[in-house]
>>> print(open('data-v1.pdb').read())   # PDB, C-alpha atoms and all ligand atoms
ATOM      1  CA  MET C   1      19.621  23.715  27.085  1.00  0.00           C
ATOM      2  CA  GLY C   2      19.869  26.031  24.123  1.00  0.00           C
ATOM      3  CA  CYS C   3      18.569  25.393  20.700  1.00  0.00           C
ATOM      4  CA  SER C   4      20.241  22.415  19.177  1.00  0.00           C
ATOM      5  CA  SER C   5      21.202  22.233  15.561  1.00  0.00           C
ATOM      6  CA  GLN C   6      18.498  19.653  15.070  1.00  0.00           C
ATOM      7  CA  GLN C   7      15.457  21.229  13.576  1.00  0.00           C
ATOM      8  CA  VAL C   8      12.191  20.461  15.205  1.00  0.00           C
ATOM      9  CA  THR C   9       9.596  19.628  12.612  1.00  0.00           C
ATOM     10  CA  ALA C  10       7.424  22.543  13.620  1.00  0.00           C
ATOM     11  CA  ASN C  11       6.962  23.649  10.056  1.00  0.00           C
ATOM     12  CA  GLN C  12       5.039  20.554   9.038  1.00  0.00           C
ATOM     13  CA  THR C  13       2.186  22.098   7.180  1.00  0.00           C
ATOM     14  CA  ASP C  14      -0.810  19.987   7.898  1.00  0.00           C
ATOM     15  CA  THR C  15      -1.592  18.767   4.438  1.00  0.00           C
ATOM     16  CA  ARG C  16      -3.843  15.862   3.635  1.00  0.00           C
ATOM     17  CA  LYS C  17      -2.593  12.548   4.934  1.00  0.00           C
ATOM     18  CA  PRO C  18      -1.802  10.034   2.193  1.00  0.00           C
ATOM     19  CA  LEU C  19      -4.655   7.566   1.839  1.00  0.00           C
ATOM     20  CA  ILE C  20      -3.757   3.893   1.666  1.00  0.00           C
ATOM     21  CA  LEU C  21      -6.074   1.076   0.697  1.00  0.00           C
ATOM     22  CA  VAL C  22      -5.146  -2.108   2.556  1.00  0.00           C
ATOM     23  CA  VAL C  23      -6.452  -5.221   0.799  1.00  0.00           C
ATOM     24  CA  GLU C  24      -6.041  -8.127   3.204  1.00  0.00           C
ATOM     25  CA  ASP C  25      -8.398 -10.938   4.204  1.00  0.00           C
ATOM     26  CA  ASN C  26      -6.495 -11.976   7.313  1.00  0.00           C
ATOM     27  CA  ASP C  27      -7.813  -9.928  10.245  1.00  0.00           C
ATOM     28  CA  ARG C  28      -4.609 -10.039  12.245  1.00  0.00           C
ATOM     29  CA  ASN C  29      -2.449  -8.927   9.342  1.00  0.00           C
ATOM     30  CA  ALA C  30      -4.921  -6.227   8.410  1.00  0.00           C
ATOM     31  CA  ARG C  31      -4.966  -4.900  11.965  1.00  0.00           C
ATOM     32  CA  LEU C  32      -1.175  -4.895  12.223  1.00  0.00           C
ATOM     33  CA  VAL C  33      -0.712  -3.097   8.927  1.00  0.00           C
ATOM     34  CA  LYS C  34      -3.397  -0.584   9.810  1.00  0.00           C
ATOM     35  CA  GLU C  35      -1.846   0.124  13.209  1.00  0.00           C
ATOM     36  CA  ILE C  36       1.553   0.794  11.702  1.00  0.00           C
ATOM     37  CA  LEU C  37       0.145   3.079   9.032  1.00  0.00           C
ATOM     38  CA  VAL C  38      -2.150   5.045  11.346  1.00  0.00           C
ATOM     39  CA  ALA C  39       0.702   5.505  13.840  1.00  0.00           C
ATOM     40  CA  ASN C  40       2.739   6.997  11.018  1.00  0.00           C
ATOM     41  CA  HIS C  41       0.088   9.465   9.894  1.00  0.00           C
ATOM     42  CA  TYR C  42      -1.438   7.666   7.005  1.00  0.00           C
ATOM     43  CA  GLU C  43      -5.142   7.396   6.413  1.00  0.00           C
ATOM     44  CA  VAL C  44      -6.338   3.803   5.931  1.00  0.00           C
ATOM     45  CA  VAL C  45      -9.252   2.252   4.076  1.00  0.00           C
ATOM     46  CA  GLU C  46      -9.654  -1.521   4.234  1.00  0.00           C
ATOM     47  CA  ALA C  47     -10.954  -4.181   1.890  1.00  0.00           C
ATOM     48  CA  SER C  48     -11.037  -7.884   2.683  1.00  0.00           C
ATOM     49  CA  ASP C  49     -11.525  -9.354  -0.783  1.00  0.00           C
ATOM     50  CA  GLY C  50     -11.061  -8.505  -4.433  1.00  0.00           C
ATOM     51  CA  LYS C  51     -14.584  -7.281  -5.034  1.00  0.00           C
ATOM     52  CA  GLU C  52     -14.415  -4.887  -2.092  1.00  0.00           C
ATOM     53  CA  ALA C  53     -10.995  -3.745  -3.245  1.00  0.00           C
ATOM     54  CA  LEU C  54     -12.215  -2.850  -6.736  1.00  0.00           C
ATOM     55  CA  GLU C  55     -15.159  -0.933  -5.295  1.00  0.00           C
ATOM     56  CA  ALA C  56     -12.965   0.904  -2.787  1.00  0.00           C
ATOM     57  CA  VAL C  57     -10.410   1.896  -5.436  1.00  0.00           C
ATOM     58  CA  ARG C  58     -13.101   3.553  -7.504  1.00  0.00           C
ATOM     59  CA  LEU C  59     -14.732   5.223  -4.510  1.00  0.00           C
ATOM     60  CA  VAL C  60     -11.773   6.616  -2.610  1.00  0.00           C
ATOM     61  CA  ARG C  61      -8.940   6.844  -5.185  1.00  0.00           C
ATOM     62  CA  PRO C  62      -6.186   5.942  -2.735  1.00  0.00           C
ATOM     63  CA  ASP C  63      -2.613   7.220  -3.062  1.00  0.00           C
ATOM     64  CA  LEU C  64      -1.295   3.702  -2.606  1.00  0.00           C
ATOM     65  CA  ILE C  65      -2.671   0.163  -2.472  1.00  0.00           C
ATOM     66  CA  LEU C  66      -1.225  -2.650  -0.368  1.00  0.00           C
ATOM     67  CA  MET C  67      -2.400  -5.839  -2.038  1.00  0.00           C
ATOM     68  CA  ASP C  68      -2.405  -9.235  -0.374  1.00  0.00           C
ATOM     69  CA  LEU C  69      -1.950 -11.711  -3.209  1.00  0.00           C
ATOM     70  CA  GLN C  70      -4.015 -14.478  -1.588  1.00  0.00           C
ATOM     71  CA  LEU C  71      -7.603 -13.288  -1.344  1.00  0.00           C
ATOM     72  CA  PRO C  72     -10.716 -15.429  -0.876  1.00  0.00           C
ATOM     73  CA  ASP C  73     -12.609 -14.485  -4.038  1.00  0.00           C
ATOM     74  CA  MET C  74      -9.949 -13.700  -6.639  1.00  0.00           C
ATOM     75  CA  ASP C  75      -6.207 -13.542  -6.459  1.00  0.00           C
ATOM     76  CA  GLY C  76      -4.474 -10.263  -5.800  1.00  0.00           C
ATOM     77  CA  LEU C  77      -2.700 -10.337  -9.155  1.00  0.00           C
ATOM     78  CA  SER C  78      -6.025 -10.363 -11.015  1.00  0.00           C
ATOM     79  CA  VAL C  79      -7.265  -7.500  -8.868  1.00  0.00           C
ATOM     80  CA  THR C  80      -4.053  -5.623  -9.639  1.00  0.00           C
ATOM     81  CA  GLN C  81      -4.446  -6.256 -13.373  1.00  0.00           C
ATOM     82  CA  ARG C  82      -7.983  -4.900 -13.311  1.00  0.00           C
ATOM     83  CA  ILE C  83      -6.913  -1.750 -11.493  1.00  0.00           C
ATOM     84  CA  LYS C  84      -4.072  -1.267 -13.960  1.00  0.00           C
ATOM     85  CA  ALA C  85      -6.339  -1.885 -16.956  1.00  0.00           C
ATOM     86  CA  ASP C  86      -8.639   0.978 -15.970  1.00  0.00           C
ATOM     87  CA  PRO C  87      -7.130   4.303 -17.098  1.00  0.00           C
ATOM     88  CA  GLU C  88      -8.859   6.037 -14.195  1.00  0.00           C
ATOM     89  CA  THR C  89      -6.956   3.992 -11.634  1.00  0.00           C
ATOM     90  CA  ALA C  90      -3.916   2.738 -13.560  1.00  0.00           C
ATOM     91  CA  GLU C  91      -1.564   5.304 -12.024  1.00  0.00           C
ATOM     92  CA  ILE C  92      -2.204   4.253  -8.424  1.00  0.00           C
ATOM     93  CA  PRO C  93       0.892   2.423  -7.170  1.00  0.00           C
ATOM     94  CA  ILE C  94       0.334  -1.091  -5.833  1.00  0.00           C
ATOM     95  CA  ILE C  95       2.632  -2.927  -3.439  1.00  0.00           C
ATOM     96  CA  ALA C  96       2.169  -6.702  -3.336  1.00  0.00           C
ATOM     97  CA  LEU C  97       2.027  -8.361   0.079  1.00  0.00           C
ATOM     98  CA  THR C  98       2.585 -12.076   0.296  1.00  0.00           C
ATOM     99  CA  ALA C  99       4.101 -14.861   2.302  1.00  0.00           C
ATOM    100  CA  HIS C 100       5.576 -16.302  -0.902  1.00  0.00           C
ATOM    101  CA  ALA C 101       8.813 -14.419  -1.316  1.00  0.00           C
ATOM    102  CA  MET C 102      10.160 -16.478  -4.182  1.00  0.00           C
ATOM    103  CA  ASP C 103      11.545 -14.824  -7.297  1.00  0.00           C
ATOM    104  CA  GLU C 104       8.818 -16.333  -9.416  1.00  0.00           C
ATOM    105  CA  HIS C 105       6.149 -14.615  -7.332  1.00  0.00           C
ATOM    106  CA  ARG C 106       8.023 -11.348  -7.451  1.00  0.00           C
ATOM    107  CA  SER C 107       8.147 -11.364 -11.218  1.00  0.00           C
ATOM    108  CA  HIS C 108       4.460 -12.279 -11.480  1.00  0.00           C
ATOM    109  CA  ALA C 109       3.656  -9.364  -9.193  1.00  0.00           C
ATOM    110  CA  ARG C 110       5.720  -7.011 -11.382  1.00  0.00           C
ATOM    111  CA  GLU C 111       4.096  -8.278 -14.559  1.00  0.00           C
ATOM    112  CA  ALA C 112       0.651  -7.696 -13.083  1.00  0.00           C
ATOM    113  CA  GLY C 113       1.621  -4.096 -12.371  1.00  0.00           C
ATOM    114  CA  CYS C 114       2.817  -4.065  -8.777  1.00  0.00           C
ATOM    115  CA  CYS C 115       5.661  -1.622  -8.251  1.00  0.00           C
ATOM    116  CA  CYS C 116       7.254  -3.649  -5.503  1.00  0.00           C
ATOM    117  CA  PHE C 117       6.871  -6.461  -3.099  1.00  0.00           C
ATOM    118  CA  ILE C 118       6.738  -6.871   0.679  1.00  0.00           C
ATOM    119  CA  SER C 119       6.991 -10.341   2.126  1.00  0.00           C
ATOM    120  CA  LYS C 120       5.041 -11.448   5.181  1.00  0.00           C
ATOM    121  CA  PRO C 121       5.575 -11.533   8.061  1.00  0.00           C
ATOM    122  CA  ILE C 122       6.372  -7.876   7.563  1.00  0.00           C
ATOM    123  CA  SER C 123       9.310  -6.176   9.175  1.00  0.00           C
ATOM    124  CA  TYR C 124       8.250  -2.816  10.578  1.00  0.00           C
ATOM    125  CA  GLN C 125      11.169  -0.768   9.281  1.00  0.00           C
ATOM    126  CA  ASN C 126      11.329  -2.277   5.815  1.00  0.00           C
ATOM    127  CA  PHE C 127       7.578  -2.039   5.449  1.00  0.00           C
ATOM    128  CA  LEU C 128       7.424   1.645   6.385  1.00  0.00           C
ATOM    129  CA  GLU C 129      10.370   2.550   4.214  1.00  0.00           C
ATOM    130  CA  LYS C 130       8.808   0.978   1.135  1.00  0.00           C
ATOM    131  CA  VAL C 131       5.487   2.674   1.763  1.00  0.00           C
ATOM    132  CA  LYS C 132       7.212   6.048   2.198  1.00  0.00           C
ATOM    133  CA  ASN C 133       9.369   5.629  -0.884  1.00  0.00           C
ATOM    134  CA  VAL C 134       6.536   4.593  -3.152  1.00  0.00           C
ATOM    135  CA  ILE C 135       4.317   7.448  -2.009  1.00  0.00           C
ATOM    136  CA  ALA C 136       7.152   9.949  -2.382  1.00  0.00           C
ATOM    137  CA  ALA C 137       7.903   8.697  -5.881  1.00  0.00           C
ATOM    138  CA  SER C 138       4.292   8.873  -7.025  1.00  0.00           C
ATOM    139  CA  LEU C 139       3.809  12.347  -5.535  1.00  0.00           C
ATOM    140  CA  ARG C 140       6.791  13.506  -7.573  1.00  0.00           C
ATOM    141  CA  CYS C 141       5.168  12.088 -10.683  1.00  0.00           C
ATOM    142  CA  ASP C 142       1.939  13.982  -9.966  1.00  0.00           C
ATOM    143  CA  SER C 143       3.680  17.336  -9.773  1.00  0.00           C
ATOM    144  CA  HIS C 144       4.448  17.830 -13.429  1.00  0.00           C
TER     145      HIS C 144
HETATM  146 MN    MN C 201      -4.710 -13.567   2.283  1.00  0.00          MN
END
>>> encode(input="data-v1.pdb", output="structure tokens")
Amino acid sequence: MGCSSQQVTANQTDTRKPLILVVEDNDRNARLVKEILVANHYEVVEASDGKEALEAVRLVRPDLILMDLQLPDMDGLSVTQRIKADPETAEIPIIALTAHAMDEHRSHAREAGCCCFISKPISYQNFLEKVKNVIAASLRCDSH
């Protein structure tokens, strides 16, 4: 077989993998999300409650945060608001993750500062696409 017209991605310069903070108190969900992200060449840091999330954000400055809205110590919207209120971390995009996919919850998530919304149980393709799009959009913002 000769060379096909399809380009092999041999010219992928090995830049830093995007770092994603996964805030999720449910072990199974956290493991699933982590597996998907790691398999797709993202770096993952985990937090299982709001306090851990706030500490991790300051420590690692992730490129993206996936925020479960139902956390044991504080709700994900309050955590989001705190991250957005701090000028040092306000620019980090946050995707809300919740089993409540109602419009009301979506608008609350937006008001708190989440850029978009993924409902659980997550669908692999939709999940990955949103993650990719949000990271691509924020990288574009960084470049000027
Ligand atoms: Mn939860």
>>> closest_atom_pairs(input="data-v1.pdb", of="chain C", to="ligand MN 201 (chain C)", cutoff="6 Å", atoms="all atoms listed in the file", output="Markdown table")
| residue | atom | partner | partner_atom | distance |
| --- | --- | --- | --- | --- |
| C:Glu24 | CA | C:MN201 | MN | 5.7 |
| C:Asp25 | CA | C:MN201 | MN | 4.9 |
| C:Asn26 | CA | C:MN201 | MN | 5.6 |
| C:Asp68 | CA | C:MN201 | MN | 5.6 |
| C:Gln70 | CA | C:MN201 | MN | 4.0 |
| C:Leu71 | CA | C:MN201 | MN | 4.6 |
>>> write_last_selection(input="data-v1.pdb", atoms="C-alpha atoms", output="PDB file, in the coordinates of the input")
ATOM      1  CA  GLU C  24      -6.041  -8.127   3.204  1.00  0.00           C
ATOM      2  CA  ASP C  25      -8.398 -10.938   4.204  1.00  0.00           C
ATOM      3  CA  ASN C  26      -6.495 -11.976   7.313  1.00  0.00           C
ATOM      4  CA  ASP C  68      -2.405  -9.235  -0.374  1.00  0.00           C
ATOM      5  CA  GLN C  70      -4.015 -14.478  -1.588  1.00  0.00           C
ATOM      6  CA  LEU C  71      -7.603 -13.288  -1.344  1.00  0.00           C
TER       7      LEU C  71
END
>>> residues_around(input="data-v1.pdb", residues="segment 128-136 of chain C", least_positions_apart="3", cutoff="8 Å", atoms="all atoms listed in the file", output="tab-separated table (two decimals) with C-alpha atoms, keeping the file's coordinate frame")
chain	number	residue	atom	x	y	z
C	18	PRO	CA	-1.80	10.03	2.19
C	36	ILE	CA	1.55	0.79	11.70
C	37	LEU	CA	0.14	3.08	9.03
C	63	ASP	CA	-2.61	7.22	-3.06
C	64	LEU	CA	-1.30	3.70	-2.61
C	93	PRO	CA	0.89	2.42	-7.17
C	124	TYR	CA	8.25	-2.82	10.58
C	125	GLN	CA	11.17	-0.77	9.28
C	139	LEU	CA	3.81	12.35	-5.54
C	140	ARG	CA	6.79	13.51	-7.57
>>> resolve_selection(input="data-v1.pdb", expression="the PyMOL selection byres (((chain C and resi 110) around 12) and not hetatm)", output="PDB file with C-alpha atoms, keeping the file's coordinate frame")
ATOM      1  CA  LEU C  77      -2.700 -10.337  -9.155  1.00  0.00           C
ATOM      2  CA  THR C  80      -4.053  -5.623  -9.639  1.00  0.00           C
ATOM      3  CA  GLN C  81      -4.446  -6.256 -13.373  1.00  0.00           C
ATOM      4  CA  LYS C  84      -4.072  -1.267 -13.960  1.00  0.00           C
ATOM      5  CA  PRO C  93       0.892   2.423  -7.170  1.00  0.00           C
ATOM      6  CA  ILE C  94       0.334  -1.091  -5.833  1.00  0.00           C
ATOM      7  CA  ILE C  95       2.632  -2.927  -3.439  1.00  0.00           C
ATOM      8  CA  ALA C  96       2.169  -6.702  -3.336  1.00  0.00           C
ATOM      9  CA  ASP C 103      11.545 -14.824  -7.297  1.00  0.00           C
ATOM     10  CA  GLU C 104       8.818 -16.333  -9.416  1.00  0.00           C
ATOM     11  CA  HIS C 105       6.149 -14.615  -7.332  1.00  0.00           C
ATOM     12  CA  ARG C 106       8.023 -11.348  -7.451  1.00  0.00           C
ATOM     13  CA  SER C 107       8.147 -11.364 -11.218  1.00  0.00           C
ATOM     14  CA  HIS C 108       4.460 -12.279 -11.480  1.00  0.00           C
ATOM     15  CA  ALA C 109       3.656  -9.364  -9.193  1.00  0.00           C
ATOM     16  CA  GLU C 111       4.096  -8.278 -14.559  1.00  0.00           C
ATOM     17  CA  ALA C 112       0.651  -7.696 -13.083  1.00  0.00           C
ATOM     18  CA  GLY C 113       1.621  -4.096 -12.371  1.00  0.00           C
ATOM     19  CA  CYS C 114       2.817  -4.065  -8.777  1.00  0.00           C
ATOM     20  CA  CYS C 115       5.661  -1.622  -8.251  1.00  0.00           C
ATOM     21  CA  CYS C 116       7.254  -3.649  -5.503  1.00  0.00           C
ATOM     22  CA  PHE C 117       6.871  -6.461  -3.099  1.00  0.00           C
TER      23      PHE C 117
END
>>> closest_residue(input="data-v1.pdb", among="C:Pro121, C:Pro62, C:Pro72, C:Pro87", to="Asp49 of chain C", atoms="only C-alpha atoms")
C:Pro72
>>> atom_distance(input="data-v1.pdb", atom1="atom CA of Leu97 of chain C", atom2="atom CA of Met67 of chain C")
5.5 Å
>>> atom_distance(input="data-v1.pdb", atom1="atom CA of Ser119 of chain C", atom2="atom CA of Ala47 of chain C")
19.0 Å
>>> residues_around(input="data-v1.pdb", residues="Gly50 of chain C", least_positions_apart="4", cutoff="7 Å", atoms="all atoms listed in the file", output="PyMOL selection string")
chain C and resi 54+71+73-74+76+79
>>> closest_residue(input="data-v1.pdb", among="C:Ala39, C:Arg58, C:Asp75, C:Lys34", to="Glu88 of chain C", atoms="all atoms listed in the file")
C:Arg58
>>> atom_distance(input="data-v1.pdb", atom1="atom CA of Ser78 of chain C", atom2="atom CA of Glu43 of chain C")
24.9 Å
>>> closest_residue(input="data-v1.pdb", among="C:Arg61, C:Arg28, C:Lys17, C:Arg82", to="Asn40 of chain C", atoms="all atoms listed in the file")
C:Lys17
>>> closest_residue(input="data-v1.pdb", among="C:Val23, C:Ala85, C:Ala99, C:Ala137", to="Lys51 of chain C", atoms="all atoms listed in the file")
C:Val23
>>> closest_residue(input="data-v1.pdb", among="C:Val38, C:Val33, C:Met102, C:Ala56", to="Phe127 of chain C", atoms="all atoms listed in the file")
C:Val33
>>> decode(input="data-v1.pdb", residues="segment 100-112 of chain C", atoms="all heavy atoms", output="PDB file, in the first residue's frame")
ATOM      1  N   HIS C 100     -28.765  16.623  37.362  1.00  0.00           N
ATOM      2  CA  HIS C 100     -29.953  17.451  37.152  1.00  0.00           C
ATOM      3  C   HIS C 100     -29.806  18.252  35.879  1.00  0.00           C
ATOM      4  O   HIS C 100     -29.107  19.252  35.852  1.00  0.00           O
ATOM      5  CB  HIS C 100     -30.154  18.422  38.307  1.00  0.00           C
ATOM      6  CG  HIS C 100     -30.325  17.736  39.613  1.00  0.00           C
ATOM      7  ND1 HIS C 100     -31.498  17.142  39.988  1.00  0.00           N
ATOM      8  CD2 HIS C 100     -29.454  17.529  40.619  1.00  0.00           C
ATOM      9  CE1 HIS C 100     -31.355  16.604  41.182  1.00  0.00           C
ATOM     10  NE2 HIS C 100     -30.121  16.811  41.595  1.00  0.00           N
ATOM     11  N   ALA C 101     -30.423  17.796  34.823  1.00  0.00           N
ATOM     12  CA  ALA C 101     -30.219  18.449  33.529  1.00  0.00           C
ATOM     13  C   ALA C 101     -31.307  19.462  33.202  1.00  0.00           C
ATOM     14  O   ALA C 101     -31.504  19.830  32.061  1.00  0.00           O
ATOM     15  CB  ALA C 101     -30.120  17.403  32.430  1.00  0.00           C
ATOM     16  N   MET C 102     -32.024  19.901  34.205  1.00  0.00           N
ATOM     17  CA  MET C 102     -33.113  20.841  33.939  1.00  0.00           C
ATOM     18  C   MET C 102     -32.593  22.230  33.617  1.00  0.00           C
ATOM     19  O   MET C 102     -31.517  22.625  34.053  1.00  0.00           O
ATOM     20  CB  MET C 102     -34.040  20.924  35.150  1.00  0.00           C
ATOM     21  CG  MET C 102     -34.830  19.646  35.349  1.00  0.00           C
ATOM     22  SD  MET C 102     -36.028  19.791  36.671  1.00  0.00           S
ATOM     23  CE  MET C 102     -35.001  20.076  38.079  1.00  0.00           C
ATOM     24  N   ASP C 103     -33.397  22.983  32.863  1.00  0.00           N
ATOM     25  CA  ASP C 103     -33.003  24.318  32.436  1.00  0.00           C
ATOM     26  C   ASP C 103     -32.620  25.218  33.604  1.00  0.00           C
ATOM     27  O   ASP C 103     -31.694  26.006  33.510  1.00  0.00           O
ATOM     28  CB  ASP C 103     -34.154  24.986  31.672  1.00  0.00           C
ATOM     29  CG  ASP C 103     -34.290  24.408  30.278  1.00  0.00           C
ATOM     30  OD1 ASP C 103     -33.370  23.675  29.849  1.00  0.00           O
ATOM     31  OD2 ASP C 103     -35.315  24.682  29.628  1.00  0.00           O
ATOM     32  N   GLU C 104     -33.364  25.068  34.694  1.00  0.00           N
ATOM     33  CA  GLU C 104     -33.116  25.896  35.856  1.00  0.00           C
ATOM     34  C   GLU C 104     -31.682  25.684  36.365  1.00  0.00           C
ATOM     35  O   GLU C 104     -30.989  26.631  36.724  1.00  0.00           O
ATOM     36  CB  GLU C 104     -34.121  25.498  36.933  1.00  0.00           C
ATOM     37  CG  GLU C 104     -34.237  26.460  38.077  1.00  0.00           C
ATOM     38  CD  GLU C 104     -34.974  25.818  39.252  1.00  0.00           C
ATOM     39  OE1 GLU C 104     -35.834  24.941  39.004  1.00  0.00           O
ATOM     40  OE2 GLU C 104     -34.663  26.186  40.388  1.00  0.00           O
ATOM     41  N   HIS C 105     -31.268  24.414  36.403  1.00  0.00           N
ATOM     42  CA  HIS C 105     -29.915  24.117  36.860  1.00  0.00           C
ATOM     43  C   HIS C 105     -28.867  24.637  35.893  1.00  0.00           C
ATOM     44  O   HIS C 105     -27.817  25.103  36.288  1.00  0.00           O
ATOM     45  CB  HIS C 105     -29.743  22.612  37.064  1.00  0.00           C
ATOM     46  CG  HIS C 105     -30.490  22.093  38.244  1.00  0.00           C
ATOM     47  ND1 HIS C 105     -31.731  21.530  38.133  1.00  0.00           N
ATOM     48  CD2 HIS C 105     -30.176  22.100  39.550  1.00  0.00           C
ATOM     49  CE1 HIS C 105     -32.152  21.191  39.345  1.00  0.00           C
ATOM     50  NE2 HIS C 105     -31.233  21.513  40.224  1.00  0.00           N
ATOM     51  N   ARG C 106     -29.196  24.545  34.610  1.00  0.00           N
ATOM     52  CA  ARG C 106     -28.254  25.069  33.615  1.00  0.00           C
ATOM     53  C   ARG C 106     -28.034  26.556  33.803  1.00  0.00           C
ATOM     54  O   ARG C 106     -26.911  27.036  33.749  1.00  0.00           O
ATOM     55  CB  ARG C 106     -28.792  24.850  32.193  1.00  0.00           C
ATOM     56  CG  ARG C 106     -28.691  23.436  31.728  1.00  0.00           C
ATOM     57  CD  ARG C 106     -29.381  23.301  30.371  1.00  0.00           C
ATOM     58  NE  ARG C 106     -29.627  21.904  30.084  1.00  0.00           N
ATOM     59  CZ  ARG C 106     -28.788  21.126  29.417  1.00  0.00           C
ATOM     60  NH1 ARG C 106     -27.677  21.620  28.947  1.00  0.00           N
ATOM     61  NH2 ARG C 106     -29.068  19.857  29.217  1.00  0.00           N
ATOM     62  N   SER C 107     -29.119  27.288  34.027  1.00  0.00           N
ATOM     63  CA  SER C 107     -28.946  28.736  34.143  1.00  0.00           C
ATOM     64  C   SER C 107     -28.239  29.097  35.451  1.00  0.00           C
ATOM     65  O   SER C 107     -27.450  30.035  35.486  1.00  0.00           O
ATOM     66  CB  SER C 107     -30.272  29.479  33.984  1.00  0.00           C
ATOM     67  OG  SER C 107     -31.176  29.087  34.968  1.00  0.00           O
ATOM     68  N   HIS C 108     -28.493  28.350  36.508  1.00  0.00           N
ATOM     69  CA  HIS C 108     -27.748  28.592  37.754  1.00  0.00           C
ATOM     70  C   HIS C 108     -26.259  28.363  37.542  1.00  0.00           C
ATOM     71  O   HIS C 108     -25.421  29.111  38.048  1.00  0.00           O
ATOM     72  CB  HIS C 108     -28.239  27.676  38.877  1.00  0.00           C
ATOM     73  CG  HIS C 108     -29.559  28.095  39.429  1.00  0.00           C
ATOM     74  ND1 HIS C 108     -30.355  27.261  40.174  1.00  0.00           N
ATOM     75  CD2 HIS C 108     -30.225  29.267  39.335  1.00  0.00           C
ATOM     76  CE1 HIS C 108     -31.463  27.895  40.513  1.00  0.00           C
ATOM     77  NE2 HIS C 108     -31.408  29.112  40.015  1.00  0.00           N
ATOM     78  N   ALA C 109     -25.944  27.296  36.797  1.00  0.00           N
ATOM     79  CA  ALA C 109     -24.536  26.983  36.540  1.00  0.00           C
ATOM     80  C   ALA C 109     -23.880  28.114  35.742  1.00  0.00           C
ATOM     81  O   ALA C 109     -22.764  28.526  36.030  1.00  0.00           O
ATOM     82  CB  ALA C 109     -24.420  25.657  35.790  1.00  0.00           C
ATOM     83  N   ARG C 110     -24.599  28.636  34.750  1.00  0.00           N
ATOM     84  CA  ARG C 110     -24.069  29.752  33.951  1.00  0.00           C
ATOM     85  C   ARG C 110     -23.855  30.987  34.810  1.00  0.00           C
ATOM     86  O   ARG C 110     -22.821  31.641  34.722  1.00  0.00           O
ATOM     87  CB  ARG C 110     -25.045  30.118  32.829  1.00  0.00           C
ATOM     88  CG  ARG C 110     -25.006  29.164  31.681  1.00  0.00           C
ATOM     89  CD  ARG C 110     -24.401  29.769  30.427  1.00  0.00           C
ATOM     90  NE  ARG C 110     -24.028  28.698  29.502  1.00  0.00           N
ATOM     91  CZ  ARG C 110     -24.914  27.929  28.885  1.00  0.00           C
ATOM     92  NH1 ARG C 110     -26.223  28.133  29.066  1.00  0.00           N
ATOM     93  NH2 ARG C 110     -24.516  26.978  28.077  1.00  0.00           N
ATOM     94  N   GLU C 111     -24.848  31.281  35.645  1.00  0.00           N
ATOM     95  CA  GLU C 111     -24.750  32.471  36.495  1.00  0.00           C
ATOM     96  C   GLU C 111     -23.563  32.375  37.440  1.00  0.00           C
ATOM     97  O   GLU C 111     -22.924  33.366  37.743  1.00  0.00           O
ATOM     98  CB  GLU C 111     -26.037  32.655  37.314  1.00  0.00           C
ATOM     99  CG  GLU C 111     -27.177  33.275  36.518  1.00  0.00           C
ATOM    100  CD  GLU C 111     -28.546  32.990  37.144  1.00  0.00           C
ATOM    101  OE1 GLU C 111     -28.594  32.737  38.368  1.00  0.00           O
ATOM    102  OE2 GLU C 111     -29.534  33.013  36.385  1.00  0.00           O
ATOM    103  N   ALA C 112     -23.287  31.164  37.915  1.00  0.00           N
ATOM    104  CA  ALA C 112     -22.165  30.987  38.840  1.00  0.00           C
ATOM    105  C   ALA C 112     -20.823  31.118  38.125  1.00  0.00           C
ATOM    106  O   ALA C 112     -19.798  31.305  38.762  1.00  0.00           O
ATOM    107  CB  ALA C 112     -22.267  29.628  39.526  1.00  0.00           C
TER     108      ALA C 112
END
